[in-house]
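Note: the block below is model.txt and it holds compact mmCIF, C-alpha atoms.
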```
# COMPACT_ATOMS: atom_id res chain seq x y z
CA MET F 1 15.38 69.77 -46.11
CA LYS F 2 15.96 66.02 -46.53
CA ASN F 3 18.66 65.74 -43.88
CA LEU F 4 16.28 67.20 -41.30
CA TYR F 5 14.53 63.85 -41.20
CA ASN F 6 17.63 62.10 -39.83
CA LYS F 7 17.70 64.17 -36.70
CA PRO F 8 15.66 63.77 -33.54
CA PRO F 9 12.77 64.07 -33.05
CA LEU F 10 11.92 64.00 -36.76
CA ASN F 11 13.67 60.64 -37.23
CA ASN F 12 11.12 59.10 -34.88
CA PRO F 13 8.09 58.21 -37.03
CA GLU F 14 5.64 58.51 -34.13
CA LYS F 15 6.84 61.94 -33.15
CA LYS F 16 7.00 63.11 -36.73
CA LEU F 17 3.39 62.03 -37.15
CA ILE F 18 2.38 64.13 -34.14
CA ILE F 19 4.24 67.15 -35.52
CA ASP F 20 2.73 66.70 -38.96
CA GLN F 21 -0.72 66.47 -37.45
CA ILE F 22 -0.19 69.67 -35.47
CA LEU F 23 1.02 71.45 -38.59
CA GLU F 24 -1.80 70.19 -40.76
CA GLU F 25 -4.55 71.01 -38.26
CA ASN F 26 -3.39 74.53 -37.47
CA LYS F 27 -1.73 75.84 -40.61
CA ASP F 28 -4.67 78.05 -41.61
CA LEU F 29 -5.14 79.75 -38.26
CA PRO F 30 -4.16 83.39 -38.00
CA GLY F 31 -0.88 83.57 -36.10
CA ALA F 32 -0.34 79.86 -36.69
CA THR F 33 3.37 79.99 -35.79
CA MET F 34 2.73 80.62 -32.13
CA VAL F 35 -0.05 78.02 -31.85
CA ILE F 36 2.00 75.36 -33.60
CA LEU F 37 5.20 75.98 -31.64
CA ASN F 38 3.17 75.89 -28.44
CA LEU F 39 1.59 72.56 -29.31
CA ILE F 40 4.91 71.05 -30.34
CA GLN F 41 6.51 72.14 -27.08
CA GLU F 42 3.59 70.61 -25.20
CA LYS F 43 3.40 67.30 -27.06
CA ILE F 44 7.06 66.68 -27.92
CA GLY F 45 8.59 68.42 -24.93
CA TYR F 46 11.01 70.65 -26.82
CA VAL F 47 11.41 72.48 -30.12
CA SER F 48 14.76 71.44 -31.55
CA LYS F 49 16.54 73.27 -34.35
CA PRO F 50 15.52 70.68 -36.98
CA VAL F 51 11.90 71.05 -35.87
CA GLN F 52 12.18 74.84 -36.10
CA ASN F 53 13.50 74.47 -39.62
CA TYR F 54 10.75 72.05 -40.46
CA VAL F 55 8.04 74.38 -39.15
CA ALA F 56 9.62 77.37 -40.91
CA GLU F 57 9.66 75.51 -44.19
CA PHE F 58 6.09 74.28 -43.80
CA LEU F 59 4.59 77.64 -42.79
CA ASP F 60 6.82 79.71 -45.04
CA VAL F 61 7.93 81.79 -42.06
CA PRO F 62 11.58 82.93 -41.87
CA ILE F 63 13.68 80.82 -39.53
CA SER F 64 15.00 84.02 -37.91
CA VAL F 65 11.44 84.86 -36.86
CA ILE F 66 10.89 81.38 -35.39
CA HIS F 67 14.16 81.60 -33.49
CA GLY F 68 13.18 85.04 -32.21
CA VAL F 69 9.91 83.67 -30.84
CA ILE F 70 11.58 80.62 -29.28
CA SER F 71 14.27 82.64 -27.56
CA PHE F 72 11.78 85.26 -26.33
CA TYR F 73 9.43 82.99 -24.40
CA SER F 74 11.04 81.08 -21.56
CA PHE F 75 8.33 78.43 -21.97
CA PHE F 76 10.03 77.12 -25.11
CA THR F 77 13.08 74.89 -24.86
CA MET F 78 15.44 73.90 -27.63
CA ASP F 79 16.85 70.73 -26.08
CA GLN F 80 15.28 67.68 -24.61
CA ARG F 81 14.38 68.04 -20.98
CA GLY F 82 14.17 65.59 -18.09
CA GLU F 83 11.08 63.52 -17.32
CA LYS F 84 9.94 66.15 -14.83
CA ASN F 85 10.45 69.81 -15.43
CA VAL F 86 10.87 71.79 -12.22
CA LYS F 87 10.31 75.49 -12.80
CA LEU F 88 11.00 77.94 -10.00
CA CYS F 89 9.05 81.16 -10.28
CA MET F 90 11.24 84.26 -10.28
CA GLY F 91 8.37 86.74 -10.36
CA THR F 92 8.65 89.59 -7.88
CA ALA F 93 6.45 88.05 -5.18
CA CYS F 94 8.19 84.66 -5.36
CA TYR F 95 11.61 86.26 -5.52
CA VAL F 96 10.89 88.17 -2.35
CA GLY F 97 9.18 85.09 -0.91
CA GLY F 98 12.35 83.04 -1.09
CA THR F 99 12.89 81.52 -4.55
CA PRO F 100 16.66 82.23 -4.39
CA GLN F 101 16.91 80.04 -1.28
CA LEU F 102 14.90 77.32 -3.04
CA ILE F 103 17.28 77.46 -5.98
CA ASP F 104 20.27 77.05 -3.67
CA LYS F 105 18.56 74.09 -2.04
CA ALA F 106 17.74 72.46 -5.36
CA LYS F 107 21.27 72.92 -6.68
CA GLN F 108 22.62 71.34 -3.54
CA GLU F 109 20.14 68.44 -3.52
CA LEU F 110 20.35 67.57 -7.20
CA ASN F 111 23.94 68.59 -7.79
CA ILE F 112 23.02 70.45 -10.99
CA THR F 113 22.67 74.12 -11.83
CA LEU F 114 19.83 75.92 -13.59
CA ASN F 115 18.87 74.71 -17.06
CA GLU F 116 20.55 71.38 -16.44
CA THR F 117 19.10 67.89 -16.20
CA THR F 118 20.09 65.32 -13.61
CA PRO F 119 22.33 62.56 -15.03
CA ASP F 120 19.50 60.01 -14.71
CA GLY F 121 17.34 62.19 -16.94
CA LYS F 122 14.66 62.61 -14.29
CA ILE F 123 14.62 66.29 -13.36
CA THR F 124 15.36 69.49 -15.22
CA LEU F 125 15.78 72.64 -13.19
CA GLU F 126 14.57 75.93 -14.63
CA ILE F 127 13.41 79.33 -13.59
CA CYS F 128 10.33 80.98 -15.06
CA ARG F 129 8.53 84.30 -14.93
CA CYS F 130 5.38 84.96 -12.93
CA VAL F 131 2.86 82.15 -13.20
CA GLY F 132 0.05 84.20 -11.68
CA ALA F 133 -0.11 82.50 -8.30
CA CYS F 134 1.54 85.25 -6.30
CA SER F 135 -0.67 84.68 -3.24
CA GLN F 136 1.07 81.33 -2.76
CA ALA F 137 4.61 82.63 -3.17
CA PRO F 138 7.14 81.14 -3.48
CA VAL F 139 5.83 78.85 -6.16
CA VAL F 140 7.38 75.93 -8.00
CA VAL F 141 5.75 74.38 -11.07
CA VAL F 142 6.43 70.70 -11.70
CA ASP F 143 5.27 69.99 -15.24
CA ASP F 144 1.70 71.35 -14.98
CA GLU F 145 1.37 71.00 -11.23
CA LEU F 146 1.67 74.00 -8.98
CA HIS F 147 3.24 73.83 -5.53
CA GLY F 148 2.91 76.94 -3.39
CA ASN F 149 4.02 78.31 -0.02
CA LEU F 150 7.25 76.33 -0.21
CA THR F 151 10.07 76.38 2.27
CA PRO F 152 13.47 74.81 1.57
CA GLN F 153 12.40 71.83 3.76
CA LYS F 154 9.10 71.31 1.94
CA PHE F 155 10.86 71.72 -1.38
CA THR F 156 13.42 69.03 -0.49
CA LYS F 157 10.54 66.66 0.29
CA LEU F 158 8.92 67.50 -3.01
CA LEU F 159 12.14 66.81 -4.92
CA LYS F 160 12.56 63.48 -3.11
CA ASN F 161 9.01 62.53 -4.10
CA ILE F 162 9.67 63.31 -7.73
CA GLN F 163 12.90 61.35 -7.75
CA LYS F 164 11.23 58.20 -6.46
CA MET I 1 -8.76 114.00 -52.54
CA LYS I 2 -8.12 113.20 -48.91
CA LYS I 3 -10.03 114.98 -46.20
CA GLU I 4 -8.15 117.81 -44.55
CA ILE I 5 -7.78 117.70 -40.77
CA GLN I 6 -7.33 120.77 -38.66
CA LEU I 7 -5.16 120.61 -35.57
CA THR I 8 -2.98 122.79 -33.40
CA ILE I 9 0.69 122.12 -32.85
CA ASP I 10 2.49 124.31 -30.32
CA GLY I 11 -0.12 127.02 -30.84
CA ASN I 12 0.00 126.92 -34.66
CA THR I 13 -3.28 125.88 -36.22
CA ILE I 14 -2.70 123.93 -39.43
CA GLN I 15 -4.50 121.71 -41.90
CA VAL I 16 -3.00 118.43 -43.08
CA PRO I 17 -4.43 115.50 -45.06
CA GLU I 18 -6.15 112.76 -43.07
CA GLY I 19 -3.78 109.93 -42.14
CA THR I 20 -0.72 112.14 -41.68
CA THR I 21 1.33 111.30 -38.60
CA ILE I 22 1.85 113.99 -35.98
CA LEU I 23 5.58 113.85 -36.73
CA LYS I 24 5.02 114.71 -40.40
CA ALA I 25 2.40 117.32 -39.61
CA ALA I 26 4.85 119.09 -37.30
CA GLU I 27 7.59 118.82 -39.89
CA SER I 28 5.36 120.52 -42.45
CA ILE I 29 5.40 123.73 -40.39
CA GLY I 30 9.05 123.45 -39.47
CA ILE I 31 8.68 122.01 -35.99
CA LYS I 32 11.27 119.32 -35.54
CA ILE I 33 10.41 116.45 -33.23
CA PRO I 34 13.51 114.40 -32.37
CA THR I 35 13.58 110.75 -33.49
CA ILE I 36 15.97 107.84 -33.01
CA CYS I 37 14.41 104.61 -34.21
CA TYR I 38 12.32 106.31 -36.89
CA HIS I 39 13.58 106.14 -40.47
CA ASP I 40 11.73 107.57 -43.46
CA TYR I 41 11.99 104.32 -45.37
CA CYS I 42 11.27 101.90 -42.55
CA THR I 43 7.97 100.99 -40.94
CA ALA I 44 7.60 103.19 -37.87
CA ASN I 45 7.42 101.15 -34.69
CA ALA I 46 7.50 103.68 -31.89
CA LEU I 47 10.26 101.78 -30.11
CA CYS I 48 12.54 104.52 -28.82
CA ARG I 49 9.79 106.85 -27.56
CA ILE I 50 11.97 109.90 -28.02
CA CYS I 51 9.36 111.37 -30.39
CA VAL I 52 6.59 111.47 -27.77
CA VAL I 53 4.38 114.53 -27.64
CA GLU I 54 1.70 115.66 -25.22
CA ILE I 55 -1.86 115.77 -26.48
CA GLU I 56 -4.52 117.58 -24.55
CA GLY I 57 -6.98 115.14 -23.03
CA SER I 58 -4.72 112.16 -23.45
CA ARG I 59 -3.59 110.35 -20.31
CA THR I 60 -0.24 109.24 -21.71
CA LEU I 61 2.37 110.79 -23.96
CA ILE I 62 1.87 109.79 -27.58
CA PRO I 63 4.62 108.60 -29.96
CA SER I 64 4.27 111.04 -32.85
CA CYS I 65 5.96 108.78 -35.45
CA VAL I 66 2.98 106.42 -35.50
CA ALA I 67 0.09 108.46 -34.11
CA LYS I 68 -2.14 109.94 -36.80
CA VAL I 69 -3.62 113.40 -36.59
CA SER I 70 -7.26 113.81 -35.64
CA SER I 71 -9.41 116.90 -35.79
CA ASP I 72 -8.95 119.63 -33.21
CA MET I 73 -6.03 117.85 -31.63
CA GLN I 74 -4.00 120.12 -29.34
CA VAL I 75 -0.40 118.95 -29.63
CA LYS I 76 2.46 120.17 -27.48
CA THR I 77 5.85 119.03 -28.70
CA LYS I 78 7.94 120.76 -26.06
CA SER I 79 5.94 120.68 -22.86
CA GLU I 80 7.69 120.12 -19.57
CA ARG I 81 6.44 116.55 -19.37
CA VAL I 82 7.68 115.75 -22.87
CA ILE I 83 11.12 117.22 -22.19
CA LYS I 84 11.43 115.30 -18.94
CA SER I 85 10.51 112.05 -20.60
CA ARG I 86 12.93 112.54 -23.48
CA LYS I 87 15.67 113.42 -21.05
CA THR I 88 15.09 110.23 -19.06
CA ILE I 89 15.12 108.09 -22.21
CA LEU I 90 18.45 109.59 -23.24
CA GLU I 91 19.89 109.15 -19.77
CA MET I 92 18.88 105.50 -19.74
CA LEU I 93 20.27 104.90 -23.22
CA VAL I 94 23.63 106.44 -22.46
CA SER I 95 23.88 104.61 -19.15
CA SER I 96 24.11 101.17 -20.74
CA ILE I 97 25.21 101.63 -24.35
CA ASP I 98 28.35 102.93 -26.01
CA LEU I 99 27.03 105.94 -27.94
CA SER I 100 30.47 107.26 -28.87
CA GLU I 101 29.72 106.87 -32.57
CA SER I 102 26.16 108.16 -32.53
CA PRO I 103 26.58 111.91 -33.05
CA GLU I 104 22.84 112.55 -33.42
CA ILE I 105 22.06 111.02 -30.07
CA LEU I 106 25.00 112.76 -28.41
CA ASN I 107 23.71 116.07 -29.77
CA MET I 108 20.30 115.30 -28.31
CA ILE I 109 21.89 114.63 -24.94
CA ASP I 110 23.46 118.09 -25.07
CA GLU I 111 20.30 119.71 -26.34
CA TYR I 112 18.11 118.23 -23.61
CA GLU I 113 20.80 118.68 -20.98
CA ALA I 114 20.52 115.04 -20.05
CA ASN I 115 22.88 113.86 -17.34
CA PRO I 116 24.97 110.98 -18.76
CA SER I 117 25.83 109.75 -15.29
CA ARG I 118 22.36 109.78 -13.81
CA PHE I 119 22.30 105.97 -13.62
CA PRO I 120 25.87 105.04 -12.66
CA ASP I 121 24.86 101.56 -11.50
CA ALA I 122 23.27 100.56 -14.79
CA GLU I 123 24.60 97.33 -16.21
CA ARG I 124 26.35 98.14 -19.46
CA ARG I 125 25.78 96.06 -22.54
CA GLU I 126 29.04 94.32 -23.17
CA HIS I 127 29.57 92.29 -26.28
CA ALA I 128 32.70 91.35 -28.16
CA VAL I 129 32.88 92.65 -31.72
CA ILE I 130 31.59 89.98 -34.11
CA ASP I 131 34.01 89.77 -37.00
CA ASP I 132 32.83 86.76 -38.98
CA ASN I 133 32.85 87.88 -42.60
CA PRO I 134 34.91 89.99 -44.99
CA MET I 135 32.24 92.65 -45.52
CA PHE I 136 31.29 94.12 -42.19
CA ILE I 137 31.57 93.84 -38.44
CA ARG I 138 28.88 93.84 -35.78
CA ASP I 139 29.61 95.64 -32.55
CA TYR I 140 26.53 95.13 -30.40
CA GLU I 141 27.94 97.16 -27.55
CA LYS I 142 26.79 100.13 -29.58
CA CYS I 143 23.42 98.66 -30.50
CA ILE I 144 20.34 100.52 -29.24
CA LEU I 145 17.91 97.90 -30.61
CA CYS I 146 16.18 100.39 -32.89
CA TRP I 147 15.10 97.50 -35.11
CA ARG I 148 15.96 99.25 -38.38
CA CYS I 149 18.47 96.62 -39.51
CA VAL I 150 15.95 93.87 -38.83
CA GLN I 151 13.31 95.73 -40.79
CA VAL I 152 15.41 96.35 -43.87
CA CYS I 153 16.59 92.75 -43.75
CA ALA I 154 12.93 91.70 -43.79
CA GLU I 155 9.84 93.21 -45.37
CA ASP I 156 11.02 96.80 -45.54
CA ALA I 157 13.64 96.16 -48.21
CA GLN I 158 15.59 93.01 -48.78
CA TYR I 159 13.38 90.07 -47.79
CA THR I 160 16.39 88.02 -46.67
CA PHE I 161 15.34 87.51 -43.02
CA ALA I 162 18.90 86.84 -41.86
CA ILE I 163 18.68 88.76 -38.60
CA ASN I 164 16.05 89.25 -35.94
CA PHE I 165 15.68 89.83 -32.25
CA SER I 166 16.77 87.06 -29.95
CA GLY I 167 16.36 86.74 -26.22
CA ARG I 168 14.26 88.87 -23.97
CA GLY I 169 14.54 91.80 -21.63
CA TYR I 170 18.11 92.75 -20.81
CA GLU I 171 19.40 89.83 -22.92
CA THR I 172 17.63 91.05 -26.05
CA GLN I 173 20.04 91.29 -28.94
CA ILE I 174 19.94 91.48 -32.69
CA ASN I 175 21.21 88.19 -33.94
CA THR I 176 21.17 85.67 -36.72
CA PHE I 177 19.15 82.53 -36.12
CA TYR I 178 21.00 80.25 -33.67
CA GLU I 179 23.76 82.86 -33.47
CA LYS I 180 25.25 81.47 -36.67
CA PRO I 181 28.07 83.39 -38.37
CA LEU I 182 26.60 85.61 -41.08
CA PRO I 183 28.04 83.69 -44.06
CA GLU I 184 26.13 80.61 -42.90
CA THR I 185 22.80 82.41 -42.85
CA SER I 186 20.51 83.72 -45.54
CA CYS I 187 22.44 87.02 -45.48
CA VAL I 188 23.34 88.28 -48.96
CA PHE I 189 25.64 91.08 -47.72
CA CYS I 190 23.53 93.76 -49.37
CA GLY I 191 24.62 96.27 -46.73
CA GLN I 192 21.15 97.77 -46.17
CA CYS I 193 21.44 97.15 -42.43
CA ILE I 194 24.68 99.12 -42.30
CA GLY I 195 23.03 101.95 -44.18
CA VAL I 196 20.28 102.34 -41.58
CA CYS I 197 22.31 101.69 -38.42
CA PRO I 198 22.27 104.93 -36.38
CA THR I 199 25.04 104.09 -33.92
CA GLY I 200 28.00 102.47 -35.66
CA ALA I 201 27.07 99.05 -34.31
CA LEU I 202 27.15 97.80 -37.89
CA LYS I 203 30.09 99.03 -39.90
CA PRO I 204 31.93 98.15 -43.10
CA LYS I 205 35.02 96.09 -42.40
CA ARG I 206 37.22 98.55 -44.24
CA GLU I 207 36.02 101.52 -42.20
CA TRP I 208 36.65 99.51 -39.06
CA LEU I 209 40.21 98.62 -40.11
CA LEU I 210 40.93 102.22 -41.08
CA GLN I 211 39.74 103.40 -37.66
CA ASP I 212 42.04 100.77 -36.25
CA GLY I 213 44.97 102.62 -37.76
CA TYR I 214 45.50 100.59 -40.92
CA GLN I 215 46.57 102.31 -44.11
CA PRO I 216 44.47 101.60 -47.22
CA GLU I 217 47.43 99.88 -48.94
CA GLU I 218 48.00 97.70 -45.91
CA ILE I 219 44.40 96.52 -45.94
CA MET I 220 44.66 95.55 -49.59
CA LEU I 221 47.73 93.45 -48.82
CA LEU I 222 46.18 91.54 -45.96
CA THR I 223 44.84 88.09 -46.64
CA ARG I 224 41.61 87.11 -45.01
CA THR I 225 43.26 85.10 -42.25
CA GLN I 226 45.81 87.79 -41.58
CA ARG I 227 43.04 90.34 -41.37
CA LYS I 228 41.32 88.26 -38.73
CA LYS I 229 44.46 87.63 -36.74
CA LYS I 230 45.67 91.19 -36.87
CA THR I 231 42.41 92.75 -35.83
CA LYS I 232 42.16 90.34 -32.95
CA SER I 233 45.61 91.03 -31.58
CA SER I 234 45.68 94.76 -32.11
CA ALA I 235 44.42 96.81 -29.21
CA ARG I 236 41.27 98.61 -30.16
CA PRO I 237 40.67 101.42 -27.71
CA SER I 238 36.93 101.63 -28.34
CA SER I 239 36.06 97.97 -28.04
CA GLY I 240 35.57 95.59 -25.16
CA GLY I 241 35.93 96.53 -21.54
CA SER I 242 36.85 100.15 -22.03
CA HIS I 243 33.88 101.14 -19.86
CA GLU I 244 33.53 100.78 -16.16
```

Kindly present the structure from the file in structure tokens form.
Amino acid sequence: MKNLYNKPPLNNPEKKLIIDQILEENKDLPGATMVILNLIQEKIGYVSKPVQNYVAEFLDVPISVIHGVISFYSFFTMDQRGEKNVKLCMGTACYVGGTPQLIDKAKQELNITLNETTPDGKITLEICRCVGACSQAPVVVVDDELHGNLTPQKFTKLLKNIQK
Amino acid sequence: MKKEIQLTIDGNTIQVPEGTTILKAAESIGIKIPTICYHDYCTANALCRICVVEIEGSRTLIPSCVAKVSSDMQVKTKSERVIKSRKTILEMLVSSIDLSESPEILNMIDEYEANPSRFPDAERREHAVIDDNPMFIRDYEKCILCWRCVQVCAEDAQYTFAINFSGRGYETQINTFYEKPLPETSCVFCGQCIGVCPTGALKPKREWLLQDGYQPEEIMLLTRTQRKKKTKSSARPSSGGSHE
């Protein structure tokens, strides 16, 4: 348990405080695991193995269960991501609407593949499941911002804007 | 005393105590409903759906291992719709998983006249055998994700929580947390998971070596490292890439 504190993000007092607050505020909720992991992902940006251990210990939930939840939902990430998280929707409508072409474009523009971060730490490329905006397919979600009706050209512009 | 419920199963009207599952009610009059993921000593989860039955007035087929009886229920355990659905389940299972060591399921395939090559394009589950401890091996090519090993590892028996589901959809697999080798997890090598595995995905190491052609005396003479090396180099006909 002790050596967890030496590893990021728990070795950062500010971040640890945020995590502790999340745990303390939500520990009595029914289904607290999900709520807490969600908040940690949102506020810290990722749920690392030490954090999973920490949460497991605090909530008295088996680590295998936490890992199961984390690996099930594509929303959770186990490593630190770039400043901007670019998620390409691979739901049926977006897939048909041209997400594969957008992925090719992004790979080419950024010189990284899926689930990788650009060397400058700015952009992480990911795919996600349906975000519920099928009428605007194909859709790309940048952090919390939704961009719809994209073409490879428009998407290139968008990436350039983010990189600035 | 519990209230008695009257229902009809395949034309036989019977009375069973309230709270009985349809599966058990049918069993009590000798009607056998096939099951795969169900185990008498595990919590029923209705995962495999092979035990579905048709109930008059119900839109969908009902998994009999979890559904409780209610009064005047009209249950059909062998209707055309039920048979068709079971057949499809079996065909899908056999299309992607190595069932060569699951005699019960193979018998079902024969019994329901399921066509093992109905889905020839199905992507097969291909995993290398995990041989990371001296007690048993894990061969997830044969795993049908029935959940029994996870259940006995958790609240149904052992409370060790060493294994659970990981991933999602096609990538779903039974695994330890962070895919750690078993000795590094909370596993206590109780062997309960092997006891409930219906397909030979989990198997004692010794059984595995014997199937590999080793003689009992030979196994005793092997050191741990040798055992690892030998099993890796020897050609095992039933593992890795023998399909497709």

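Taking CA of Gly167 in chain I and CA of Gly68 in chain F as endpoints, the distance between them is 7.0 Å.
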
Checklist entry - I:Ile219, I:Ile163, I:Leu106, I:Ala157: which is nearest chain F, counting all atoms listed in the file? => result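 That would be I:Ile163, the residue with the smallest distance to chain F.
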
Item to check | Separation of CA of Thr160 in chain I from CA of Lys205 in chain I, in Å and rounded to one decimal | outcome: 20.7 Å

Item to check | Residue hits in chain I, query chain F, radius 10 Å, only C-alpha atoms, as a VMD selection string | outcome: chain I and resid 150 154 159 to 169 171 to 179 185 to 186

Checklist entry - Phe75 in chain F: which residues within 10 Å, counting only C-alpha atoms, same-chain residues fewer than 2 positions away excluded, as a PyMOL selection string? => result chain F and resi 38+41-42+46+70-73+77+87+126-129

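Nearest residue to Gln74 in chain I among I:Val152, I:Ile194, I:Cys42, I:Ala26 is I:Ala26, counting only C-alpha atoms.
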
Which residues are close to Val142 in chain F, i.e. within 12 Å by only C-alpha atoms, leaving aside same-chain residues fewer than 6 positions away? Reply as an mmCIF file with C-alpha atoms, keeping the file's coordinate frame.
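Below is the file part35.cif, written as the result:
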```cif
data_model
loop_
_atom_site.group_PDB
_atom_site.id
_atom_site.type_symbol
_atom_site.label_atom_id
_atom_site.label_comp_id
_atom_site.auth_asym_id
_atom_site.auth_seq_id
_atom_site.Cartn_x
_atom_site.Cartn_y
_atom_site.Cartn_z
ATOM 1 C CA GLY F 82 14.170 65.590 -18.090
ATOM 2 C CA GLU F 83 11.080 63.520 -17.320
ATOM 3 C CA LYS F 84 9.940 66.150 -14.830
ATOM 4 C CA ASN F 85 10.450 69.810 -15.430
ATOM 5 C CA VAL F 86 10.870 71.790 -12.220
ATOM 6 C CA LYS F 87 10.310 75.490 -12.800
ATOM 7 C CA LEU F 88 11.000 77.940 -10.000
ATOM 8 C CA CYS F 89 9.050 81.160 -10.280
ATOM 9 C CA LYS F 122 14.660 62.610 -14.290
ATOM 10 C CA ILE F 123 14.620 66.290 -13.360
ATOM 11 C CA THR F 124 15.360 69.490 -15.220
ATOM 12 C CA LEU F 125 15.780 72.640 -13.190
ATOM 13 C CA GLU F 126 14.570 75.930 -14.630
ATOM 14 C CA ILE F 127 13.410 79.330 -13.590
ATOM 15 C CA CYS F 128 10.330 80.980 -15.060
ATOM 16 C CA GLY F 148 2.910 76.940 -3.390
ATOM 17 C CA PHE F 155 10.860 71.720 -1.380
ATOM 18 C CA LEU F 158 8.920 67.500 -3.010
ATOM 19 C CA LEU F 159 12.140 66.810 -4.920
ATOM 20 C CA ASN F 161 9.010 62.530 -4.100
ATOM 21 C CA ILE F 162 9.670 63.310 -7.730
#
```

Next on the checklist: For a test of reading the model, state the distance in Å between CA of Cys143 in chain I and CA of Leu99 in chain I, rounded to one decimal.
Outcome noted: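 Result for CA of Cys143 in chain I versus CA of Leu99 in chain I: 8.5 Å, one decimal.
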